$ cat final_34.tsv   # TSV, C-alpha atoms
chain	number	residue	atom	x	y	z
A	1	MET	CA	0.00	0.00	0.00
A	2	SER	CA	1.36	3.41	-0.97
A	3	ALA	CA	1.99	6.13	1.60
A	4	GLN	CA	-0.93	8.12	0.16
A	5	ARG	CA	-3.45	5.31	0.53
A	6	ARG	CA	-2.15	4.42	3.99
A	7	ALA	CA	-2.68	8.05	4.99
A	8	THR	CA	-6.35	7.90	3.90
A	9	VAL	CA	-6.91	4.71	5.93
A	10	ILE	CA	-5.48	6.35	9.07
A	11	ALA	CA	-7.55	9.50	8.42
A	12	THR	CA	-10.72	7.41	8.00
A	13	SER	CA	-10.13	5.51	11.23
A	14	SER	CA	-9.47	8.71	13.17
A	15	ALA	CA	-12.59	10.39	11.76
A	16	ALA	CA	-14.74	7.35	12.63
A	17	LEU	CA	-13.58	7.43	16.26
A	18	LEU	CA	-14.18	11.18	16.59
A	19	THR	CA	-17.58	10.93	14.89
A	20	LEU	CA	-18.85	8.33	17.36
A	21	VAL	CA	-17.70	10.23	20.45
A	22	LYS	CA	-18.77	13.73	19.35
A	23	LEU	CA	-22.12	12.66	17.91
A	24	VAL	CA	-23.22	10.95	21.14
A	25	ILE	CA	-22.16	13.87	23.36
A	26	GLY	CA	-23.47	16.45	20.90
A	27	ILE	CA	-26.96	14.94	20.83
A	28	LEU	CA	-27.07	14.52	24.63
A	29	SER	CA	-25.82	18.04	25.33
A	30	GLY	CA	-27.75	19.86	22.61
A	31	SER	CA	-24.63	21.86	21.71
A	32	VAL	CA	-24.76	23.16	18.16
A	33	ALA	CA	-20.98	23.58	18.15
A	34	VAL	CA	-20.38	19.94	19.17
A	35	ILE	CA	-23.00	18.63	16.73
A	36	ALA	CA	-21.43	20.77	14.01
A	37	SER	CA	-18.06	19.23	14.79
A	38	ALA	CA	-19.59	15.74	14.73
A	39	ILE	CA	-21.15	16.38	11.31
A	40	ASP	CA	-17.82	17.60	10.06
A	41	SER	CA	-16.19	14.38	11.31
A	42	ILE	CA	-18.81	12.29	9.50
A	43	LEU	CA	-17.97	14.12	6.29
A	44	ASP	CA	-14.26	13.67	7.04
A	45	MET	CA	-14.78	9.93	7.27
A	46	ALA	CA	-16.78	9.73	4.04
A	47	ILE	CA	-14.28	11.92	2.18
A	48	SER	CA	-11.30	9.89	3.40
A	49	VAL	CA	-12.93	6.68	2.16
A	50	PHE	CA	-13.59	8.34	-1.21
A	51	ASN	CA	-10.01	9.62	-1.31
A	52	PHE	CA	-8.67	6.10	-0.75
A	53	PHE	CA	-10.36	4.82	-3.90
A	54	ALA	CA	-9.50	7.99	-5.84
A	55	ILE	CA	-5.80	7.56	-5.07
A	56	LYS	CA	-6.00	3.83	-5.86
A	57	LYS	CA	-7.40	4.59	-9.33
A	58	ALA	CA	-4.94	7.44	-9.88
A	59	GLU	CA	-2.01	5.10	-9.22
A	60	GLU	CA	-3.04	2.74	-12.02
A	61	HIS	CA	-0.70	2.69	-15.00
A	62	PRO	CA	-1.76	4.19	-18.36
A	63	ASP	CA	-3.62	1.82	-20.65
A	64	GLU	CA	-5.07	1.75	-24.16
A	65	VAL	CA	-8.07	3.84	-23.10
A	66	PHE	CA	-6.41	6.23	-20.63
A	67	ASN	CA	-3.07	6.90	-22.33
A	68	TYR	CA	-2.05	9.54	-19.79
A	69	GLY	CA	-3.19	7.58	-16.75
A	70	LYS	CA	-6.00	8.52	-14.35
A	71	GLY	CA	-4.16	11.02	-12.20
A	72	LYS	CA	-6.78	13.73	-12.67
A	73	ILE	CA	-9.27	11.70	-10.66
A	74	GLN	CA	-7.47	13.18	-7.64
A	75	ALA	CA	-8.39	16.67	-8.81
A	76	ILE	CA	-12.00	15.55	-9.24
A	77	ALA	CA	-11.87	14.16	-5.70
A	78	GLY	CA	-10.55	17.51	-4.46
A	79	VAL	CA	-13.41	19.42	-6.10
A	80	ILE	CA	-16.00	16.99	-4.69
A	81	GLU	CA	-14.40	17.19	-1.24
A	82	GLY	CA	-14.43	20.97	-1.30
A	83	THR	CA	-18.08	21.01	-2.39
A	84	ILE	CA	-19.11	18.64	0.40
A	85	ILE	CA	-17.19	20.76	2.93
A	86	THR	CA	-19.05	23.85	1.69
A	87	LEU	CA	-22.43	22.12	2.09
A	88	SER	CA	-21.54	21.02	5.61
A	89	GLY	CA	-20.64	24.62	6.46
A	90	LEU	CA	-24.02	25.81	5.20
A	91	TYR	CA	-25.80	23.19	7.34
A	92	ILE	CA	-23.87	24.25	10.44
A	93	ILE	CA	-24.84	27.88	9.78
A	94	TYR	CA	-28.49	26.78	9.50
A	95	GLU	CA	-28.32	24.93	12.85
A	96	ALA	CA	-26.66	27.91	14.55
A	97	ILE	CA	-29.31	30.36	13.32
A	98	SER	CA	-32.03	27.92	14.37
A	99	LYS	CA	-30.63	27.76	17.92
A	100	ILE	CA	-30.43	31.55	18.14
A	101	ILE	CA	-34.06	31.91	17.02
A	102	HIS	CA	-35.48	29.18	19.27
A	103	GLY	CA	-33.15	29.77	22.22
A	104	LYS	CA	-32.22	26.12	22.81
A	105	GLY	CA	-30.13	25.38	25.93
A	106	THR	CA	-26.81	23.51	26.24
A	107	GLU	CA	-26.23	20.63	28.70
A	108	TYR	CA	-23.38	18.28	29.75
A	109	LEU	CA	-20.90	21.10	29.31
A	110	GLY	CA	-18.09	19.46	31.30
A	111	VAL	CA	-18.24	16.21	29.31
A	112	SER	CA	-18.52	18.16	26.05
A	113	VAL	CA	-15.33	20.09	26.82
A	114	LEU	CA	-13.44	16.86	27.57
A	115	VAL	CA	-14.66	15.31	24.31
A	116	MET	CA	-13.52	18.30	22.30
A	117	LEU	CA	-10.12	18.33	24.01
A	118	PHE	CA	-9.73	14.67	23.09
A	119	SER	CA	-10.74	15.55	19.52
A	120	ILE	CA	-8.12	18.32	19.38
A	121	LEU	CA	-5.37	15.90	20.45
A	122	VAL	CA	-6.33	13.23	17.90
A	123	THR	CA	-6.75	15.78	15.10
A	124	TRP	CA	-3.42	17.46	15.89
A	125	LEU	CA	-1.58	14.14	15.62
A	126	LEU	CA	-3.41	13.35	12.37
A	127	VAL	CA	-2.61	16.75	10.83
A	128	ARG	CA	1.10	16.34	11.59
A	129	TYR	CA	1.10	12.93	9.93
A	130	LEU	CA	-0.84	14.09	6.84
A	131	LEU	CA	1.42	17.11	6.39
A	132	GLN	CA	4.46	14.82	6.40
A	133	VAL	CA	2.90	12.59	3.73
A	134	ALA	CA	1.78	15.61	1.69
A	135	LYS	CA	5.29	17.08	1.80
A	136	ALA	CA	6.86	13.80	0.72
A	137	THR	CA	4.40	13.05	-2.10
A	138	ASP	CA	2.98	16.47	-3.10
A	139	ASN	CA	-0.35	14.69	-3.55
A	140	ILE	CA	-3.33	17.04	-3.96
A	141	VAL	CA	-5.74	14.66	-2.20
A	142	ILE	CA	-3.52	14.34	0.87
A	143	LYS	CA	-2.90	18.11	0.86
A	144	ALA	CA	-6.67	18.66	0.76
A	145	ASP	CA	-7.16	16.20	3.61
A	146	ALA	CA	-4.43	17.89	5.65
A	147	LEU	CA	-5.96	21.32	5.03
A	148	HIS	CA	-9.39	20.07	5.97
A	149	TYR	CA	-8.23	18.50	9.23
A	150	LYS	CA	-6.26	21.65	10.00
A	151	THR	CA	-9.52	23.63	9.80
A	152	ASP	CA	-11.06	20.96	12.04
A	153	LEU	CA	-8.31	21.60	14.55
A	154	LEU	CA	-9.10	25.31	14.64
A	155	SER	CA	-12.86	24.75	14.74
A	156	ASN	CA	-12.51	22.24	17.59
A	157	ALA	CA	-10.53	24.81	19.56
A	158	ALA	CA	-13.30	27.34	18.90
A	159	VAL	CA	-15.89	24.85	20.19
A	160	VAL	CA	-13.94	24.44	23.43
A	161	VAL	CA	-13.81	28.21	23.90
A	162	ALA	CA	-17.55	28.46	23.25
A	163	LEU	CA	-18.40	25.70	25.73
A	164	VAL	CA	-16.20	27.21	28.43
A	165	ILE	CA	-17.87	30.62	27.98
A	166	VAL	CA	-21.33	29.03	28.17
A	167	TYR	CA	-20.27	27.09	31.28
A	168	LEU	CA	-18.99	30.24	33.02
A	169	THR	CA	-21.72	32.68	31.95
A	170	GLY	CA	-24.76	30.60	31.02
A	171	TRP	CA	-25.03	32.46	27.68
A	172	ASP	CA	-26.26	29.68	25.38
A	173	TRP	CA	-26.29	32.04	22.39
A	174	VAL	CA	-22.46	32.06	22.49
A	175	ASP	CA	-22.50	28.37	21.46
A	176	ALA	CA	-24.67	29.22	18.45
A	177	LEU	CA	-22.52	32.23	17.60
A	178	PHE	CA	-19.35	30.13	17.57
A	179	GLY	CA	-21.16	27.50	15.50
A	180	LEU	CA	-22.02	30.22	12.99
A	181	GLY	CA	-18.37	31.32	12.84
A	182	ILE	CA	-17.19	27.72	12.37
A	183	GLY	CA	-19.62	27.25	9.48
A	184	LEU	CA	-18.33	30.37	7.73
A	185	TYR	CA	-14.71	29.36	8.27
A	186	ILE	CA	-15.35	25.87	6.87
A	187	ILE	CA	-16.82	27.37	3.70
A	188	TYR	CA	-13.85	29.71	3.37
A	189	SER	CA	-11.37	26.85	3.78
A	190	ALA	CA	-13.11	24.82	1.07
A	191	TYR	CA	-12.39	27.45	-1.58
A	192	GLU	CA	-8.67	26.63	-1.77
A	193	ILE	CA	-9.37	22.91	-2.22
A	194	ILE	CA	-11.91	23.50	-4.99
A	195	HIS	CA	-9.69	26.06	-6.72
A	196	GLU	CA	-6.65	23.77	-6.78
A	197	GLY	CA	-8.68	20.87	-8.18
A	198	ILE	CA	-10.21	23.01	-10.92
A	199	MET	CA	-6.81	24.42	-11.92
A	200	ILE	CA	-5.45	20.88	-12.40
A	201	LEU	CA	-8.51	19.89	-14.44
A	202	LEU	CA	-7.94	22.97	-16.62
A	203	ASP	CA	-4.30	21.92	-17.21
A	204	ARG	CA	-2.76	24.93	-15.50
A	205	SER	CA	0.99	25.08	-16.05
A	206	LEU	CA	3.47	24.18	-13.33
A	207	ASP	CA	4.36	27.03	-10.98
A	208	SER	CA	6.24	29.89	-12.64
A	209	ASP	CA	9.51	29.23	-10.80
A	210	LYS	CA	9.59	25.63	-11.99
A	211	VAL	CA	8.74	26.61	-15.57
A	212	ALA	CA	11.54	29.19	-15.48
A	213	LYS	CA	14.01	26.55	-14.28
A	214	ILE	CA	12.91	24.18	-17.05
A	215	GLY	CA	13.50	26.96	-19.58
A	216	GLU	CA	16.97	27.57	-18.15
A	217	ILE	CA	17.86	23.87	-18.35
A	218	ILE	CA	16.83	23.70	-22.00
A	219	GLY	CA	18.28	27.04	-23.07
A	220	ASN	CA	21.61	26.61	-21.28
A	221	HIS	CA	22.55	23.35	-23.00
A	222	PRO	CA	25.59	24.16	-25.16
A	223	LYS	CA	24.33	22.24	-28.19
A	224	VAL	CA	20.80	23.66	-28.20
A	225	ASN	CA	20.34	26.60	-30.59
A	226	GLY	CA	16.99	27.53	-29.12
A	227	TYR	CA	13.62	26.14	-28.01
A	228	HIS	CA	9.92	26.98	-28.33
A	229	TRP	CA	6.42	25.63	-27.71
A	230	LEU	CA	7.21	24.82	-24.07
A	231	LYS	CA	4.10	23.46	-22.36
A	232	THR	CA	3.70	22.09	-18.84
A	233	ARG	CA	0.90	20.70	-16.69
A	234	THR	CA	0.33	18.29	-13.82
A	235	ASP	CA	-2.32	15.77	-12.83
A	236	GLY	CA	-1.26	15.90	-9.19
A	237	THR	CA	0.96	12.82	-9.38
A	238	HIS	CA	2.83	13.31	-12.66
A	239	ASN	CA	4.26	16.41	-14.32
A	240	PHE	CA	3.96	16.65	-18.10
A	241	VAL	CA	6.44	18.71	-20.13
A	242	GLU	CA	6.57	19.25	-23.90
A	243	PHE	CA	8.98	21.40	-25.88
A	244	HIS	CA	10.64	21.81	-29.27
A	245	LEU	CA	14.44	21.85	-29.48
A	246	VAL	CA	16.19	23.76	-32.26
A	247	LEU	CA	19.31	21.74	-33.13
A	248	SER	CA	21.92	21.81	-35.87
A	249	PRO	CA	20.53	20.30	-39.12
A	250	GLU	CA	23.73	18.26	-39.53
A	251	MET	CA	23.34	16.60	-36.14
A	252	THR	CA	22.70	12.84	-36.09
A	253	LEU	CA	19.54	11.44	-34.53
A	254	GLU	CA	21.64	9.59	-31.96
A	255	GLU	CA	23.33	12.80	-30.83
A	256	ALA	CA	19.99	14.64	-30.68
A	257	HIS	CA	18.58	11.80	-28.60
A	258	HIS	CA	21.53	12.01	-26.19
A	259	ILE	CA	21.01	15.77	-25.76
A	260	ALA	CA	17.31	15.22	-25.03
A	261	GLU	CA	18.14	12.59	-22.40
A	262	GLU	CA	20.51	14.97	-20.62
A	263	ILE	CA	17.84	17.68	-20.56
A	264	GLU	CA	15.11	15.28	-19.42
A	265	CYS	CA	17.26	14.01	-16.53
A	266	LYS	CA	17.91	17.55	-15.26
A	267	ILE	CA	14.22	18.50	-15.55
A	268	ALA	CA	13.07	15.40	-13.64
A	269	SER	CA	15.61	16.21	-10.91
A	270	LEU	CA	13.68	19.40	-10.14
A	271	ASP	CA	11.11	17.28	-8.30
A	272	PRO	CA	12.28	13.67	-7.81
A	273	ASN	CA	9.16	12.79	-5.80
A	274	LYS	CA	6.94	13.30	-8.85
A	275	GLY	CA	6.52	11.15	-11.92
A	276	TRP	CA	7.52	12.93	-15.14
A	277	VAL	CA	6.36	12.57	-18.73
A	278	ILE	CA	8.77	14.65	-20.86
A	279	THR	CA	8.25	14.87	-24.62
A	280	PRO	CA	10.90	16.69	-26.67
A	281	HIS	CA	10.62	17.41	-30.41
A	282	PHE	CA	13.59	18.11	-32.70
A	283	ASP	CA	13.62	21.00	-35.19
A	284	PRO	CA	16.38	22.19	-37.57
A	285	TYR	CA	15.00	25.74	-37.29
A	286	ASP	CA	12.45	27.71	-35.26
A	287	ASP	CA	9.05	26.71	-36.67
A	288	GLU	CA	6.79	28.00	-33.93
A	289	HIS	CA	4.50	29.64	-36.48
A	290	ILE	CA	3.76	26.17	-37.88
A	291	ASN	CA	2.80	24.94	-34.42
A	292	GLU	CA	0.40	27.89	-34.17
A	293	ILE	CA	-1.19	26.86	-37.47
A	294	TYR	CA	-1.77	23.32	-36.23
A	295	TYR	CA	-3.13	24.59	-32.91
A	296	GLU	CA	-5.59	26.96	-34.59
A	297	GLY	CA	-6.93	24.19	-36.82
A	298	LYS	CA	-5.69	25.83	-40.05
A	299	VAL	CA	-3.66	22.83	-41.20
A	300	LYS	CA	-5.27	22.88	-44.66
A	301	TYR	CA	-3.50	26.17	-45.41
A	302	LEU	CA	-0.20	24.57	-44.43
A	303	CYS	CA	-0.75	21.39	-46.41
A	304	GLU	CA	-1.89	23.23	-49.55
A	305	GLY	CA	1.52	24.97	-49.85
A	306	ASN	CA	4.85	23.28	-50.41
A	307	SER	CA	7.38	22.78	-47.63
A	308	SER	CA	9.52	25.75	-48.71
A	309	GLU	CA	6.55	28.10	-48.51
A	310	SER	CA	5.57	26.81	-45.08
A	311	LYS	CA	8.99	27.80	-43.75
A	312	LYS	CA	8.49	31.44	-44.68

$ encode --input "final_34.tsv" --output "structure tokens"
Amino acid sequence: MSAQRRATVIATSSAALLTLVKLVIGILSGSVAVIASAIDSILDMAISVFNFFAIKKAEEHPDEVFNYGKGKIQAIAGVIEGTIITLSGLYIIYEAISKIIHGKGTEYLGVSVLVMLFSILVTWLLVRYLLQVAKATDNIVIKADALHYKTDLLSNAAVVVALVIVYLTGWDWVDALFGLGIGLYIIYSAYEIIHEGIMILLDRSLDSDKVAKIGEIIGNHPKVNGYHWLKTRTDGTHNFVEFHLVLSPEMTLEEAHHIAEEIECKIASLDPNKGWVITPHFDPYDDEHINEIYYEGKVKYLCEGNSSESKK
């Protein structure tokens, strides 16, 4: 089992334990903040199970149908996870407003505080573990899980503060107010997860620093006369790089291949924890205008002319 899938199993188990404890105490106490935290843990558990299967599918090798693999399923999982988190935030806001309107009381405050302190400890340990896995693998699903549990950690701390204030003052509306704040914060935290997933699905390029380094590696090779049509993207697990090399027309194919291998090795070394799919193309001159013609779907104009005209 890969480190990513093992992380989802541990996250699922932790969420299941916290769900059981918080749900029982939340229902008995009538605390909106505790119930909100329990609902969030239920969603955590469901999302972690979904993430396990998403990562499992993403790790499958390319085949005849999916030539580039299924890595983008992780981005889809991130968007779904962010959407579910947003919906849970809206429900928590609804419950908080309902408690403010109807003036429901809060009971079992001492036990509720102990439960939430236990939840904070378990969540803190889980966040540390997920962050380590995310750093080692740069996996979007694990990063989303780590971010989500980090928001849980903050929201659990807010619940403890709310329960202590209610215990000391008897102001039950404080519990609802904190529940409202937690709901809004959960929705805010979901935006980053959804945004990252959508950017991967839209084939956003690698970060600008990495693209600049790739350009330097290609351009600084002593036998490369120039390059163009550099394109990059990621599916969360693999980085894809395409570019055209301008080489001497007299160069042998074997020498051109050797140059490409040197460049590919240096590019892949930029992030050894990622898989890389690097596709170079050899040109005897800069023909970027021809690539533009193909891209714009105007190939008939290129094919109607002879090769000498297409070079102009």

$ residues_around --input "final_34.tsv" --residues "Ile85 (chain A)" --least-positions-apart "2" --cutoff "10 Å" --atoms "all atoms listed in the file" --output "list in words"
Asp40, Leu43, Asp44, Ile47, Val79, Ile80, Glu81, Gly82, Thr83, Leu87, Ser88, Gly89, Leu90, Tyr91, His148, Gly183, Ile186, Ile187, Tyr188, Ser189, Ala190, Tyr191, Ile193 and Ile194 of chain A

$ residues_near_point --input "final_34.tsv" --point "(4.3, 24.0, -14.1)" --cutoff "7 Å" --atoms "only C-alpha atoms" --output "number ranges by chain"
A: 205-208, 210-211, 232-234

$ residues_around --input "final_34.tsv" --residues "region 239-250 of chain A" --least-positions-apart "2" --cutoff "8 Å" --atoms "all atoms listed in the file" --output "PyMOL selection string"
chain A and resi 206+223-237+252+256+274-286

$ closest_residue --input "final_34.tsv" --among "A:Ile293, A:Leu130, A:Ile92, A:Ile140" --to "Ile198 (chain A)" --atoms "all atoms listed in the file"
A:Ile140

$ atom_distance --input "final_34.tsv" --atom1 "CA of Asp287 (chain A)" --atom2 "CA of Ile267 (chain A)"
23.2 Å

$ atom_distance --input "final_34.tsv" --atom1 "CA of Ser269 (chain A)" --atom2 "CA of Leu253 (chain A)"
24.4 Å

$ residues_around --input "final_34.tsv" --residues "Tyr129 (chain A)" --least-positions-apart "6" --cutoff "10 Å" --atoms "only C-alpha atoms" --output "ChimeraX atom specification"
/A:7,10-11,123,146

$ write_last_selection --input "final_34.tsv" --atoms "C-alpha atoms" --output "PDB file, in the frame of the given file"
ATOM      1  CA  ALA A   7      -2.680   8.050   4.990  1.00  0.00           C
ATOM      2  CA  ILE A  10      -5.480   6.350   9.070  1.00  0.00           C
ATOM      3  CA  ALA A  11      -7.550   9.500   8.420  1.00  0.00           C
ATOM      4  CA  THR A 123      -6.750  15.780  15.100  1.00  0.00           C
ATOM      5  CA  ALA A 146      -4.430  17.890   5.650  1.00  0.00           C
TER       6      ALA A 146
END

$ atom_distance --input "final_34.tsv" --atom1 "CA of Ala58 (chain A)" --atom2 "CA of Lys72 (chain A)"
7.1 Å

$ closest_residue --input "final_34.tsv" --among "A:Leu23, A:Tyr94, A:Ala268, A:Thr169" --to "Ile182 (chain A)" --atoms "only C-alpha atoms"
A:Tyr94

$ residues_near_point --input "final_34.tsv" --point "(-6.5, 13.6, 21.3)" --cutoff "12 Å" --atoms "all atoms listed in the file" --output "ChimeraX atom specification"
/A:14-15,17-18,21,114-127,153,156

$ residues_around --input "final_34.tsv" --residues "Ala136 (chain A)" --least-positions-apart "2" --cutoff "12 Å" --atoms "all atoms listed in the file" --output "list of chain:residue names"
A:Ser2, A:Ala3, A:Gln4, A:Ala7, A:Tyr129, A:Leu130, A:Leu131, A:Gln132, A:Val133, A:Ala134, A:Asp138, A:Asn139, A:Ile140, A:Ile142, A:Lys143, A:Thr237, A:Asp271, A:Pro272, A:Asn273, A:Lys274

$ closest_residue --input "final_34.tsv" --among "A:Ala212, A:Ile259, A:Ile218, A:Ala75" --to "Val141 (chain A)" --atoms "only C-alpha atoms"
A:Ala75

$ residues_around --input "final_34.tsv" --residues "Ala16 (chain A)" --least-positions-apart "2" --cutoff "8 Å" --atoms "only C-alpha atoms" --output "count of residues only"
9

$ decode --input "final_34.tsv" --residues "region 109-157 of chain A" --atoms "C-alpha atoms" --output "CSV table (one decimal), in the first residue's frame"
chain,number,residue,atom,x,y,z
A,109,LEU,CA,-20.9,21.1,29.3
A,110,GLY,CA,-18.1,19.5,31.3
A,111,VAL,CA,-18.2,16.2,29.3
A,112,SER,CA,-18.5,18.2,26.0
A,113,VAL,CA,-15.3,20.1,26.8
A,114,LEU,CA,-13.4,16.9,27.6
A,115,VAL,CA,-14.7,15.3,24.3
A,116,MET,CA,-13.5,18.3,22.3
A,117,LEU,CA,-10.1,18.3,24.0
A,118,PHE,CA,-9.7,14.7,23.1
A,119,SER,CA,-10.7,15.5,19.5
A,120,ILE,CA,-8.1,18.3,19.4
A,121,LEU,CA,-5.4,15.9,20.5
A,122,VAL,CA,-6.3,13.2,17.9
A,123,THR,CA,-6.8,15.8,15.1
A,124,TRP,CA,-3.4,17.5,15.9
A,125,LEU,CA,-1.6,14.1,15.6
A,126,LEU,CA,-3.4,13.3,12.4
A,127,VAL,CA,-2.6,16.8,10.8
A,128,ARG,CA,1.1,16.3,11.6
A,129,TYR,CA,1.1,12.9,9.9
A,130,LEU,CA,-0.8,14.1,6.8
A,131,LEU,CA,1.4,17.1,6.4
A,132,GLN,CA,4.5,14.8,6.4
A,133,VAL,CA,2.9,12.6,3.7
A,134,ALA,CA,1.8,15.6,1.7
A,135,LYS,CA,5.3,17.1,1.8
A,136,ALA,CA,6.9,13.8,0.7
A,137,THR,CA,4.4,13.0,-2.1
A,138,ASP,CA,3.0,16.5,-3.1
A,139,ASN,CA,-0.4,14.7,-3.5
A,140,ILE,CA,-3.3,17.0,-4.0
A,141,VAL,CA,-5.7,14.7,-2.2
A,142,ILE,CA,-3.5,14.3,0.9
A,143,LYS,CA,-2.9,18.1,0.9
A,144,ALA,CA,-6.7,18.7,0.8
A,145,ASP,CA,-7.2,16.2,3.6
A,146,ALA,CA,-4.4,17.9,5.6
A,147,LEU,CA,-6.0,21.3,5.0
A,148,HIS,CA,-9.4,20.1,6.0
A,149,TYR,CA,-8.2,18.5,9.2
A,150,LYS,CA,-6.3,21.7,10.0
A,151,THR,CA,-9.5,23.6,9.8
A,152,ASP,CA,-11.1,21.0,12.0
A,153,LEU,CA,-8.3,21.6,14.6
A,154,LEU,CA,-9.1,25.3,14.6
A,155,SER,CA,-12.9,24.7,14.7
A,156,ASN,CA,-12.5,22.2,17.6
A,157,ALA,CA,-10.5,24.8,19.6
